[in-house]
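Q: Below: one structure in structure tokens.
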Amino acid sequence: MTYPWLDAPAAQVADTARTLLGWTVSAGGVTVRLTEVEAYAGTGEDPASHAHRGPTPRNKVMFGPAGHVYVYFVFGMHWCANIVCGRDGEAAAVLLRAGEVVDGVETARERRPRATDRELARGPARLVTALGLGREANGTSAIDGTGPLLLTPPASPVDPARIVAGPRVGVAAAHDLPWRFWLADEPSVSVYRRHTPRRRPAPAASVRNSPA
């Protein structure tokens, strides 16, 4: 299977991200319709991208081929999944930020027993949990059916008038770049939160004895 965005350069990652809204991702008996995504470019102009400073053992999947899955661990407890795009050697990826579970709801509920149906895949870590994905998906194809995740286009493209753009959630750099895209009036879209730097505690002041 081939799609035009698979041949698009990394510099067009924002366009690819918009294209993937409304597509479905399926894994582990669950299917999620994507309602929110974020674009990240490793072209040297996006300091929020894992590939901003070039390839490493962690991010090498981002450098191609397009259509593969880039999975990473965050906060020491959650997996997040991205779809790689850009030509071979050009790093770019689209983060699967949120979606609506449209098939396998009971299975998704078992994986996230405390969540309402609206919250099952409302956020990148929640989406991955609902799908039952983990490290094993990293570097596998999401296009040809050989990997645990399968990306499928909708029957008809999303109406561009429904697509909203804004800053990405929680990034530590390029705060205002409007590369987060979501579908208007979708309850599964996550809440925007701007990154807040963690404050380190100030060193304790030394105490001097008063002269007698």
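Each chain in the structure tokens gets a letter, A, B, ..., in the order shown, and its residues are numbered from 1; ligands are numbered from 1 in order too.
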At most 9 Å is the cut-off: for each residue in stretch 84-156 of chain A with any atom that close to an atom of stretch 178-186 of chain A, write down the nearest atom pair and the distance in Å rounded to one decimal, counting only C-alpha atoms, chain first then increasing number, as a Markdown table.
A:
| residue | atom | partner | partner_atom | distance |
| --- | --- | --- | --- | --- |
| A:Arg97 | CA | A:Arg180 | CA | 8.9 |
| A:Ala98 | CA | A:Trp182 | CA | 8.7 |
| A:Gly99 | CA | A:Glu186 | CA | 8.8 |
| A:Glu100 | CA | A:Glu186 | CA | 8.6 |
Q: If you run DSSP on the backbone, which residues of stretch 6-147 of chain A are helix (DSSP H, G or I), as a PyMOL selection string?
A: chain A and resi 6-7+10-20+60-63+105-111+117-119+124-131+135-137
Q: Let me see the file: selected residues, N, CA, C and O atoms, as a short mmCIF file (atom, residue, chain, number, x, y, z; two decimals), in the first residue's frame.
A:
data_model
loop_
_atom_site.label_atom_id
_atom_site.label_comp_id
_atom_site.auth_asym_id
_atom_site.auth_seq_id
_atom_site.Cartn_x
_atom_site.Cartn_y
_atom_site.Cartn_z
N LEU A 6 3.73 9.42 2.09
CA LEU A 6 4.93 8.60 2.31
C LEU A 6 6.13 9.14 1.53
O LEU A 6 7.28 8.88 1.90
N ASP A 7 5.87 9.87 0.47
CA ASP A 7 6.94 10.44 -0.36
C ASP A 7 7.19 11.91 -0.07
O ASP A 7 8.05 12.53 -0.70
N ALA A 10 10.51 15.74 4.79
CA ALA A 10 10.33 16.00 6.22
C ALA A 10 9.85 17.42 6.48
O ALA A 10 9.12 17.67 7.45
N ALA A 11 10.23 18.36 5.63
CA ALA A 11 9.83 19.76 5.81
C ALA A 11 8.32 19.93 5.70
O ALA A 11 7.78 20.95 6.13
N GLN A 12 7.62 18.94 5.14
CA GLN A 12 6.17 19.00 5.00
C GLN A 12 5.44 18.19 6.06
O GLN A 12 4.29 17.81 5.90
N VAL A 13 6.12 17.95 7.17
CA VAL A 13 5.54 17.10 8.21
C VAL A 13 4.23 17.67 8.75
O VAL A 13 3.32 16.92 9.13
N ALA A 14 4.08 18.99 8.80
CA ALA A 14 2.82 19.57 9.29
C ALA A 14 1.66 19.19 8.36
O ALA A 14 0.56 18.88 8.84
N ASP A 15 1.90 19.20 7.05
CA ASP A 15 0.87 18.79 6.11
C ASP A 15 0.53 17.32 6.28
O ASP A 15 -0.64 16.91 6.21
N THR A 16 1.55 16.50 6.52
CA THR A 16 1.31 15.07 6.74
C THR A 16 0.48 14.86 8.00
O THR A 16 -0.44 14.02 8.01
N ALA A 17 0.79 15.60 9.05
CA ALA A 17 0.03 15.47 10.29
C ALA A 17 -1.45 15.78 10.07
O ALA A 17 -2.33 15.06 10.54
N ARG A 18 -1.73 16.83 9.35
CA ARG A 18 -3.12 17.18 9.04
C ARG A 18 -3.80 16.06 8.24
O ARG A 18 -4.96 15.73 8.48
N THR A 19 -3.04 15.47 7.33
CA THR A 19 -3.58 14.39 6.50
C THR A 19 -4.02 13.19 7.33
O THR A 19 -5.02 12.54 7.02
N LEU A 20 -3.28 12.91 8.40
CA LEU A 20 -3.55 11.70 9.18
C LEU A 20 -4.75 11.82 10.13
O LEU A 20 -5.18 10.82 10.71
N LYS A 60 16.86 6.88 15.87
CA LYS A 60 17.24 6.53 14.50
C LYS A 60 16.06 6.11 13.63
O LYS A 60 16.08 6.27 12.40
N VAL A 61 15.00 5.58 14.25
CA VAL A 61 13.82 5.18 13.49
C VAL A 61 13.19 6.38 12.80
O VAL A 61 12.60 6.26 11.71
N MET A 62 13.33 7.58 13.37
CA MET A 62 12.74 8.78 12.79
C MET A 62 13.33 9.14 11.43
O MET A 62 12.75 9.92 10.69
N PHE A 63 14.49 8.58 11.10
CA PHE A 63 15.16 8.91 9.85
C PHE A 63 14.72 8.02 8.69
O PHE A 63 15.33 8.04 7.63
N VAL A 105 -13.95 -1.71 22.00
CA VAL A 105 -14.14 -0.86 23.19
C VAL A 105 -13.99 -1.67 24.47
O VAL A 105 -13.36 -1.21 25.44
N GLU A 106 -14.53 -2.86 24.50
CA GLU A 106 -14.44 -3.68 25.72
C GLU A 106 -12.99 -4.00 26.06
O GLU A 106 -12.59 -3.96 27.23
N THR A 107 -12.19 -4.30 25.05
CA THR A 107 -10.78 -4.58 25.28
C THR A 107 -10.06 -3.34 25.79
O THR A 107 -9.24 -3.41 26.71
N ALA A 108 -10.36 -2.19 25.19
CA ALA A 108 -9.76 -0.93 25.64
C ALA A 108 -10.15 -0.64 27.09
O ALA A 108 -9.33 -0.15 27.88
N ARG A 109 -11.39 -0.93 27.45
CA ARG A 109 -11.84 -0.72 28.83
C ARG A 109 -11.07 -1.61 29.80
O ARG A 109 -10.76 -1.19 30.92
N GLU A 110 -10.79 -2.82 29.38
CA GLU A 110 -10.02 -3.73 30.24
C GLU A 110 -8.61 -3.20 30.47
O GLU A 110 -8.05 -3.35 31.56
N ARG A 111 -8.04 -2.57 29.46
CA ARG A 111 -6.68 -2.02 29.58
C ARG A 111 -6.66 -0.71 30.37
O ARG A 111 -5.63 -0.37 30.95
N ASP A 117 -15.31 6.17 28.52
CA ASP A 117 -15.09 5.89 27.10
C ASP A 117 -14.44 7.09 26.41
O ASP A 117 -13.60 6.92 25.52
N ARG A 118 -14.81 8.29 26.80
CA ARG A 118 -14.20 9.49 26.22
C ARG A 118 -12.70 9.56 26.49
O ARG A 118 -11.93 10.05 25.66
N GLU A 119 -12.28 9.05 27.64
CA GLU A 119 -10.89 9.15 28.07
C GLU A 119 -10.03 7.97 27.66
O GLU A 119 -8.82 7.97 27.90
N PRO A 124 -1.59 10.81 24.41
CA PRO A 124 -0.71 9.87 23.69
C PRO A 124 -0.42 8.59 24.46
O PRO A 124 -0.40 7.51 23.86
N ALA A 125 -0.19 8.67 25.76
CA ALA A 125 0.09 7.47 26.54
C ALA A 125 -1.18 6.62 26.70
O ALA A 125 -1.12 5.38 26.65
N ARG A 126 -2.31 7.27 26.87
CA ARG A 126 -3.57 6.55 26.99
C ARG A 126 -3.90 5.83 25.69
O ARG A 126 -4.38 4.68 25.71
N LEU A 127 -3.65 6.49 24.56
CA LEU A 127 -3.91 5.88 23.27
C LEU A 127 -3.08 4.61 23.09
O LEU A 127 -3.60 3.56 22.67
N VAL A 128 -1.81 4.68 23.43
CA VAL A 128 -0.93 3.52 23.30
C VAL A 128 -1.36 2.39 24.24
O VAL A 128 -1.35 1.21 23.87
N THR A 129 -1.76 2.76 25.45
CA THR A 129 -2.23 1.75 26.40
C THR A 129 -3.49 1.06 25.88
O THR A 129 -3.63 -0.16 25.97
N ALA A 130 -4.42 1.85 25.36
CA ALA A 130 -5.66 1.27 24.84
C ALA A 130 -5.39 0.30 23.70
O ALA A 130 -6.06 -0.73 23.57
N LEU A 131 -4.36 0.59 22.90
CA LEU A 131 -4.00 -0.29 21.78
C LEU A 131 -3.16 -1.48 22.21
O LEU A 131 -2.94 -2.41 21.42
N ARG A 135 7.26 -1.35 23.41
CA ARG A 135 8.54 -1.24 22.73
C ARG A 135 8.61 -2.09 21.46
O ARG A 135 9.32 -1.74 20.51
N GLU A 136 7.90 -3.21 21.44
CA GLU A 136 8.01 -4.13 20.31
C GLU A 136 7.55 -3.51 19.00
O GLU A 136 7.91 -3.98 17.92
N ALA A 137 6.78 -2.43 19.07
CA ALA A 137 6.29 -1.78 17.84
C ALA A 137 7.33 -0.87 17.21
O ALA A 137 7.21 -0.51 16.03
#
Q: Could you name the residues that touch A:Val84 at 9 Å or less, counting only C-alpha atoms, but leaving out those on the same chain fewer than 3 positions away, as a VMD selection string?
A: chain A and resid 6 61 to 70 91 to 95
Q: Those residues with N, CA and C atoms, as an mmCIF file, in the first residue's frame please?
A:
data_model
loop_
_atom_site.group_PDB
_atom_site.id
_atom_site.type_symbol
_atom_site.label_atom_id
_atom_site.label_comp_id
_atom_site.auth_asym_id
_atom_site.auth_seq_id
_atom_site.Cartn_x
_atom_site.Cartn_y
_atom_site.Cartn_z
ATOM 1 N N LEU A 6 3.733 9.421 2.086
ATOM 2 C CA LEU A 6 4.930 8.604 2.310
ATOM 3 C C LEU A 6 6.134 9.140 1.532
ATOM 4 N N VAL A 61 15.002 5.584 14.251
ATOM 5 C CA VAL A 61 13.819 5.180 13.491
ATOM 6 C C VAL A 61 13.194 6.382 12.796
ATOM 7 N N MET A 62 13.333 7.579 13.375
ATOM 8 C CA MET A 62 12.738 8.783 12.788
ATOM 9 C C MET A 62 13.333 9.139 11.431
ATOM 10 N N PHE A 63 14.487 8.581 11.101
ATOM 11 C CA PHE A 63 15.161 8.913 9.854
ATOM 12 C C PHE A 63 14.724 8.022 8.689
ATOM 13 N N GLY A 64 13.680 7.247 8.898
ATOM 14 C CA GLY A 64 13.105 6.468 7.813
ATOM 15 C C GLY A 64 13.274 4.967 7.996
ATOM 16 N N PRO A 65 12.486 4.242 7.210
ATOM 17 C CA PRO A 65 11.584 4.717 6.163
ATOM 18 C C PRO A 65 10.257 5.250 6.708
ATOM 19 N N ALA A 66 9.610 6.064 5.882
ATOM 20 C CA ALA A 66 8.302 6.605 6.244
ATOM 21 C C ALA A 66 7.289 5.480 6.386
ATOM 22 N N GLY A 67 6.328 5.710 7.272
ATOM 23 C CA GLY A 67 5.297 4.702 7.498
ATOM 24 C C GLY A 67 5.632 3.726 8.594
ATOM 25 N N HIS A 68 6.832 3.856 9.170
ATOM 26 C CA HIS A 68 7.191 3.011 10.303
ATOM 27 C C HIS A 68 6.799 3.683 11.611
ATOM 28 N N VAL A 69 6.839 2.913 12.680
ATOM 29 C CA VAL A 69 6.406 3.397 13.987
ATOM 30 C C VAL A 69 7.624 3.758 14.835
ATOM 31 N N TYR A 70 7.586 4.918 15.416
ATOM 32 C CA TYR A 70 8.617 5.346 16.371
ATOM 33 C C TYR A 70 7.980 5.393 17.754
ATOM 34 N N ALA A 91 14.597 13.186 9.044
ATOM 35 C CA ALA A 91 13.815 12.799 10.219
ATOM 36 C C ALA A 91 12.565 13.652 10.389
ATOM 37 N N ALA A 92 11.450 12.981 10.587
ATOM 38 C CA ALA A 92 10.190 13.644 10.905
ATOM 39 C C ALA A 92 9.235 12.577 11.421
ATOM 40 N N ALA A 93 8.297 12.997 12.251
ATOM 41 C CA ALA A 93 7.327 12.043 12.777
ATOM 42 C C ALA A 93 6.077 12.779 13.221
ATOM 43 N N VAL A 94 4.973 12.053 13.229
ATOM 44 C CA VAL A 94 3.696 12.585 13.687
ATOM 45 C C VAL A 94 3.296 11.817 14.944
ATOM 46 N N LEU A 95 3.186 12.538 16.050
ATOM 47 C CA LEU A 95 2.775 11.927 17.312
ATOM 48 C C LEU A 95 1.282 11.644 17.289
#
Q: For A:Phe73, which of A:Gly134, A:Gly22, A:Leu96, A:Val37 is the closest residue, counting only C-alpha atoms?
A: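 Looking only at the distances to A:Phe73, the closest residue turns out to be A:Gly134.
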Q: Would you mind reading off the distance between atom CA of A:Arg162 and atom CA of A:Leu34, one decimal, in Å?
A: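 Interatomic distance, atom CA of A:Arg162 to atom CA of A:Leu34: 13.2 Å.
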Q: Atom CA of A:Ala27 and atom CA of A:Gly123 are how many Å apart?
A: 16.6 Å
Q: As a VMD selection string, which residues of chain A does DSSP assign to strand (DSSP E or B)?
A: chain A and resid 24 to 27 30 to 41 68 to 74 78 to 84 92 to 103 122 141 150 to 152 163 to 166 180 to 183
Q: Have a look at atom CA of A:Glu45 and atom CA of A:Arg168 and let me know their distance in Å, one decimal.
A: 15.2 Å
